[in-house]
>>> print(open('start.txt').read())   # compact mmCIF, C-alpha atoms
# COMPACT_ATOMS: atom_id res chain seq x y z
CA LEU A 846 -21.76 -26.49 -12.86
CA THR A 847 -20.56 -29.82 -11.47
CA GLY A 848 -21.50 -29.37 -7.83
CA THR A 849 -17.83 -29.61 -6.88
CA PRO A 850 -15.81 -26.50 -6.03
CA SER A 851 -12.63 -26.05 -8.02
CA ASP A 852 -9.82 -23.53 -8.37
CA GLN A 853 -11.18 -22.47 -11.75
CA LEU A 854 -14.63 -21.84 -10.29
CA LEU A 855 -13.15 -19.69 -7.51
CA ILE A 856 -11.10 -17.72 -10.03
CA SER A 857 -14.19 -17.13 -12.16
CA LEU A 858 -16.21 -15.96 -9.16
CA GLN A 859 -13.45 -13.59 -8.02
CA GLU A 860 -13.14 -12.15 -11.52
CA SER A 861 -16.88 -11.58 -11.83
CA ILE A 862 -16.99 -9.83 -8.45
CA ARG A 863 -14.03 -7.63 -9.42
CA GLN A 864 -15.73 -6.67 -12.69
CA ARG A 865 -19.00 -5.89 -10.93
CA ASN A 866 -17.28 -3.72 -8.33
CA ASN A 867 -15.34 -1.89 -11.04
CA GLN A 868 -18.60 -1.19 -12.89
CA LEU A 869 -20.12 0.19 -9.69
CA ALA A 870 -17.04 2.36 -9.15
CA THR A 871 -17.55 4.17 -12.47
CA SER A 872 -20.69 5.82 -11.12
CA ASN A 873 -18.70 7.98 -8.66
CA GLU A 874 -21.66 7.74 -6.29
CA LEU A 875 -20.94 6.44 -2.81
CA PRO A 876 -23.42 3.91 -1.39
CA LYS A 877 -25.45 5.15 1.56
CA GLU A 878 -24.89 4.02 5.15
CA LEU A 879 -22.80 0.93 4.46
CA PRO A 880 -20.50 -0.29 7.26
CA ILE A 881 -16.78 0.38 7.00
CA VAL A 882 -15.01 -2.99 6.84
CA SER A 883 -11.49 -1.58 7.04
CA THR A 884 -9.33 1.45 6.47
CA GLY A 885 -5.79 1.59 5.19
CA THR A 886 -3.30 3.71 3.32
CA GLY A 887 -2.45 3.99 -0.36
CA PHE A 888 -0.21 6.25 -2.43
CA PHE A 889 -0.34 7.49 -6.01
CA ILE A 890 2.31 6.25 -8.47
CA ASN A 891 0.87 8.35 -11.32
CA LYS A 892 -2.08 10.73 -11.63
CA THR A 893 -4.75 8.00 -11.47
CA HIS A 894 -3.20 4.78 -10.10
CA LEU A 895 -2.34 4.02 -6.52
CA VAL A 896 -0.74 1.14 -4.64
CA THR A 897 -1.91 -0.44 -1.38
CA ASN A 898 -1.99 -3.87 0.28
CA TYR A 899 -4.23 -6.68 -0.91
CA HIS A 900 -5.36 -7.37 2.67
CA VAL A 901 -6.63 -3.78 2.96
CA VAL A 902 -9.16 -4.23 0.13
CA GLN A 903 -9.88 -7.98 0.01
CA LYS A 904 -13.09 -7.91 2.07
CA CYS A 905 -14.52 -4.69 0.62
CA ASN A 906 -17.36 -4.47 -1.90
CA TYR A 907 -16.78 -0.74 -2.30
CA LEU A 908 -13.48 1.14 -2.13
CA SER A 909 -13.35 4.88 -1.67
CA ILE A 910 -10.99 7.75 -0.87
CA GLU A 911 -13.08 9.00 2.03
CA LYS A 912 -15.65 11.24 0.30
CA MET A 913 -13.79 11.69 -2.99
CA GLY A 914 -15.43 8.84 -4.90
CA LEU A 915 -15.10 5.15 -5.57
CA LEU A 916 -11.99 3.27 -6.66
CA SER A 917 -11.67 0.29 -8.99
CA ILE A 918 -9.17 -2.58 -8.69
CA GLU A 919 -6.79 -2.74 -11.63
CA THR A 920 -4.86 -5.80 -10.42
CA GLN A 921 -4.15 -7.64 -7.19
CA ASP A 922 -1.46 -10.04 -6.00
CA GLN A 923 -2.53 -12.05 -2.98
CA VAL A 924 0.84 -13.79 -2.55
CA ASN A 925 2.81 -10.54 -2.32
CA ASP A 926 -0.09 -8.66 -0.64
CA ILE A 927 -0.29 -5.92 -3.26
CA ALA A 928 -3.29 -4.25 -4.92
CA VAL A 929 -3.21 -1.56 -7.60
CA LEU A 930 -6.28 0.68 -7.70
CA LYS A 931 -7.53 3.33 -10.09
CA SER A 932 -9.24 6.59 -9.23
CA ASN A 933 -11.60 8.50 -11.50
CA GLU A 934 -10.21 11.72 -10.02
CA GLU A 935 -6.64 12.73 -10.83
CA SER A 936 -4.09 13.39 -8.12
CA SER A 937 -1.92 16.50 -8.31
CA SER A 938 0.96 14.65 -6.63
CA PHE A 939 2.48 11.17 -6.92
CA LEU A 940 5.64 9.41 -5.75
CA LYS A 941 8.61 8.13 -7.73
CA LEU A 942 9.71 4.51 -7.30
CA HIS A 943 13.42 4.00 -6.60
CA GLU A 944 15.22 0.73 -5.80
CA ASN A 945 15.16 -1.97 -3.12
CA PRO A 946 16.38 -0.83 0.30
CA LYS A 947 19.85 -1.47 1.72
CA LEU A 948 20.71 -2.72 5.20
CA GLY A 949 21.11 0.16 7.65
CA GLN A 950 19.54 2.70 5.29
CA SER A 951 17.51 5.52 6.87
CA ILE A 952 13.86 5.48 5.81
CA PHE A 953 10.59 7.30 6.42
CA THR A 954 7.07 5.89 6.48
CA GLY A 955 3.75 7.62 5.94
CA GLY A 956 0.23 6.46 6.64
CA TYR A 957 -3.17 6.91 8.26
CA PRO A 958 -3.19 4.66 11.36
CA TYR A 959 -6.38 4.33 13.43
CA ASN A 960 -8.07 6.64 10.95
CA ASP A 961 -11.46 6.55 12.70
CA VAL A 962 -9.78 8.04 15.81
CA LEU A 963 -6.72 9.98 14.65
CA ASP A 964 -7.98 11.06 11.21
CA ASN A 965 -4.56 12.42 10.28
CA PHE A 966 -1.39 11.60 8.34
CA ASN A 967 1.45 10.11 10.42
CA PHE A 968 5.10 10.38 9.36
CA THR A 969 7.75 8.31 11.15
CA ILE A 970 11.49 7.65 10.82
CA GLY A 971 13.62 4.53 11.20
CA ASN A 972 16.15 2.37 9.41
CA ILE A 973 16.34 -0.93 7.51
CA SER A 974 17.18 -3.61 10.08
CA SER A 975 16.95 -6.75 7.91
CA LEU A 976 16.62 -7.52 4.19
CA ARG A 977 14.24 -10.42 4.79
CA GLY A 978 10.75 -10.66 6.20
CA THR A 979 9.01 -13.30 8.27
CA GLN A 980 10.14 -16.87 7.59
CA SER A 981 13.05 -15.47 5.51
CA ASN A 982 10.68 -13.99 2.90
CA ILE A 983 13.07 -12.33 0.42
CA SER A 984 10.26 -10.21 -1.07
CA GLN A 985 10.02 -8.32 2.21
CA PHE A 986 12.34 -6.45 4.56
CA GLN A 987 12.30 -5.33 8.17
CA PHE A 988 12.46 -1.76 9.46
CA THR A 989 12.34 0.05 12.79
CA ALA A 990 9.97 2.97 12.13
CA PRO A 991 6.77 2.63 14.21
CA VAL A 992 3.65 1.56 12.29
CA GLN A 993 0.11 0.91 13.50
CA PRO A 994 -3.07 -0.66 12.08
CA GLY A 995 -4.17 1.49 9.16
CA SER A 996 -0.60 2.23 8.07
CA SER A 997 -0.68 -0.83 5.79
CA GLY A 998 -0.21 0.12 2.14
CA GLY A 999 1.68 3.31 2.93
CA PRO A 1000 4.94 4.33 1.24
CA ILE A 1001 8.40 3.73 2.68
CA LEU A 1002 10.79 6.38 1.36
CA ASN A 1003 14.54 6.98 1.41
CA ASP A 1004 16.21 10.26 2.39
CA LYS A 1005 15.73 11.65 -1.13
CA GLY A 1006 12.01 10.94 -1.38
CA GLY A 1007 12.20 7.79 -3.52
CA VAL A 1008 9.90 4.89 -2.62
CA VAL A 1009 11.86 1.78 -1.56
CA GLY A 1010 8.92 -0.28 -0.29
CA VAL A 1011 5.33 -0.55 0.90
CA THR A 1012 4.37 -1.04 4.56
CA VAL A 1013 2.69 -4.41 5.04
CA SER A 1014 2.57 -5.24 8.76
CA GLY A 1015 4.04 -5.17 12.22
CA LEU A 1016 4.25 -7.84 14.93
CA GLY A 1017 1.13 -7.32 16.99
CA VAL A 1018 -0.88 -8.77 19.86
CA SER A 1019 -1.03 -12.35 18.53
CA PHE A 1020 2.77 -12.51 18.34
CA ALA A 1021 3.11 -11.07 21.83
CA GLU A 1022 0.68 -13.62 23.27
CA ALA A 1023 2.33 -16.57 21.48
CA ASN A 1024 5.86 -15.61 22.52
CA ASN A 1025 5.15 -13.98 25.88
CA THR A 1026 7.08 -10.89 24.86
CA LEU A 1027 6.26 -7.45 23.49
CA PRO A 1028 7.97 -6.81 20.12
CA GLN A 1029 9.50 -3.36 19.69
CA ASN A 1030 10.46 -1.57 16.47
CA ILE A 1031 9.73 -4.58 14.28
CA ALA A 1032 7.75 -3.85 11.13
CA PHE A 1033 7.79 -5.25 7.61
CA GLY A 1034 7.69 -3.80 4.13
CA ILE A 1035 7.39 -5.18 0.61
CA LYS A 1036 10.39 -4.42 -1.59
CA ILE A 1037 9.72 -1.90 -4.35
CA GLY A 1038 11.16 -4.32 -6.94
CA VAL A 1039 8.14 -6.57 -6.40
CA ILE A 1040 5.74 -3.67 -7.03
CA LYS A 1041 7.65 -2.62 -10.16
CA ASP A 1042 7.38 -6.15 -11.58
CA ILE A 1043 3.60 -6.14 -11.06
CA LEU A 1044 3.25 -2.72 -12.71
CA PHE A 1045 5.41 -3.79 -15.67
CA GLU A 1046 3.32 -6.92 -16.19
CA GLU A 1047 0.08 -4.93 -16.15
CA GLY A 1048 1.38 -2.11 -18.35
CA ILE A 1049 0.73 0.51 -15.65
CA SER A 1050 2.97 3.56 -15.96
CA PHE A 1051 5.13 4.92 -13.15
CA THR A 1052 8.19 7.14 -12.76
CA GLU A 1053 11.48 5.68 -11.59
CA GLY A 1054 13.91 7.68 -9.51
CA GLN A 1055 13.88 10.01 -6.51
CA GLU A 1056 12.07 13.26 -5.87
CA PHE A 1057 15.10 15.08 -4.42
CA TRP A 1058 18.34 13.99 -6.07
CA PHE A 1059 20.59 16.23 -3.95
CA GLY A 1060 18.97 15.54 -0.62
CA THR A 1061 16.41 17.62 1.22
CA SER A 1062 14.83 18.20 4.62
CA GLN A 1063 12.59 15.72 6.42
CA GLU A 1064 9.85 18.33 6.23
CA ASN A 1065 9.93 18.32 2.42
CA ILE A 1066 9.82 14.52 2.29
CA ALA A 1067 6.91 14.47 4.73
CA LYS A 1068 5.00 17.05 2.68
CA LYS A 1069 5.51 15.09 -0.55
CA ALA A 1070 4.46 11.83 1.10
CA LYS A 1071 1.33 13.39 2.60
CA ASN A 1072 0.25 15.04 -0.67
CA SER A 1073 0.62 11.72 -2.53
CA SER A 1074 -0.99 9.46 0.08
CA LEU A 1075 -4.60 8.88 1.14
>>> encode(input="start.txt", output="structure tokens")
Amino acid sequence: LTGTPSDQLLISLQESIRQRNNQLATSNELPKELPIVSTGTGFFINKTHLVTNYHVVQKCNYLSIEKMGLLSIETQDQVNDIAVLKSNEESSSFLKLHENPKLGQSIFTGGYPYNDVLDNFNFTIGNISSLRGTQSNISQFQFTAPVQPGSSGGPILNDKGGVVGVTVSGLGVSFAEANNTLPQNIAFGIKIGVIKDILFEEGISFTEGQEFWFGTSQENIAKKAKNSSL
């Protein structure tokens, strides 16, 4: 110890905390009466791994799927706002990862907004309105489907059930106050290519493609999204 904070010291502290939390998660025993810091959405990409946003989990000492047990963090990318988690319990359903979205493409989003109040899965429809995010971020895109707090980390799917992105945010109250206008149908997602790169680097398996190659009903896509999300 030198008495001076450094990047290396911060990295070491973050790594030790991650390892400690992962050790705690192996017990499968939920801590008693701890406050809920945040809720969000995640979706399975194989039987045990799921994807969500980094900002959903960054302030949490314990991560859980409601009452199903604790989760451990496999990897996290603060810059792209992605976290990959692992569950000790296997999921019977997971989503396939397709390709980056195209301008004008119809999409569907799934998530658990305001989970302490609504406590239910929400499924919305929209289209891709821009291939860049805020400040021309090429890792993100813009879409028109309504999203609310708690939807972060949820899947964005095409009309054949393939994941094209992950919901990251919408323009909320702070934007409205700063610009004296109420934004409508403006939400942002992270392109699936970014998530694939992270999974490749970490050696985490996933299935490429689409669930319904010949098209299907919105009801079938909604059912698949709900069964694979949490």
>>> closest_residue(input="start.txt", among="A:Asp1004, A:Glu860, A:Leu930, A:Leu916", to="Glu1064 (chain A)", atoms="only C-alpha atoms")
A:Asp1004
>>> closest_residue(input="start.txt", among="A:Leu1044, A:Val992, A:Ile952, A:Val1008", to="Asn967 (chain A)", atoms="all atoms listed in the file")
A:Val992
>>> closest_residue(input="start.txt", among="A:Lys1005, A:Lys904, A:Arg977, A:Lys947", to="Trp1058 (chain A)", atoms="all atoms listed in the file")
A:Lys1005
>>> residues_around(input="start.txt", residues="Ile1001 (chain A)", least_positions_apart="3", cutoff="7 Å", atoms="all atoms listed in the file", output="short mmCIF file (atom, residue, chain, number, x, y, z; two decimals) with C-alpha atoms, keeping the file's coordinate frame")
data_model
loop_
_atom_site.label_atom_id
_atom_site.label_comp_id
_atom_site.auth_asym_id
_atom_site.auth_seq_id
_atom_site.Cartn_x
_atom_site.Cartn_y
_atom_site.Cartn_z
CA ILE A 952 13.86 5.48 5.81
CA PHE A 953 10.59 7.30 6.42
CA THR A 954 7.07 5.89 6.48
CA GLY A 955 3.75 7.62 5.94
CA VAL A 1008 9.90 4.89 -2.62
CA VAL A 1009 11.86 1.78 -1.56
CA GLY A 1010 8.92 -0.28 -0.29
CA VAL A 1011 5.33 -0.55 0.90
CA THR A 1012 4.37 -1.04 4.56
#
>>> closest_residue(input="start.txt", among="A:Ser936, A:Gln985, A:Asn972, A:Thr847", to="Gly1038 (chain A)", atoms="all atoms listed in the file")
A:Gln985
>>> atom_distance(input="start.txt", atom1="CA of Leu855 (chain A)", atom2="CA of Ser917 (chain A)")
20.1 Å
>>> atom_distance(input="start.txt", atom1="CA of Phe939 (chain A)", atom2="CA of Thr969 (chain A)")
19.0 Å
>>> closest_residue(input="start.txt", among="A:Pro958, A:Gly949, A:Pro880, A:Pro850", to="Gln987 (chain A)", atoms="only C-alpha atoms")
A:Gly949
>>> closest_residue(input="start.txt", among="A:Gln903, A:Asn982, A:Ser1062, A:Thr884", to="Tyr957 (chain A)", atoms="only C-alpha atoms")
A:Thr884
>>> residues_near_point(input="start.txt", point="(-5.3, -8.0, -16.7)", cutoff="12 Å", atoms="only C-alpha atoms", output="list in words")
Glu860, Arg863, Gln864, Ile918, Glu919, Thr920, Gln921, Asp922, Val929, Ile1043, Leu1044, Phe1045, Glu1046, Glu1047, Gly1048 and Ile1049 of chain A
>>> residues_near_point(input="start.txt", point="(16.9, 1.7, -3.1)", cutoff="9 Å", atoms="all atoms listed in the file", output="list in words")
Leu942, His943, Glu944, Asn945, Pro946, Lys947, Gln950, Leu1002, Asn1003, Gly1007, Val1008, Val1009, Gly1010 and Ile1037 of chain A
>>> atom_distance(input="start.txt", atom1="CA of Ser937 (chain A)", atom2="CA of Ser1073 (chain A)")
7.9 Å
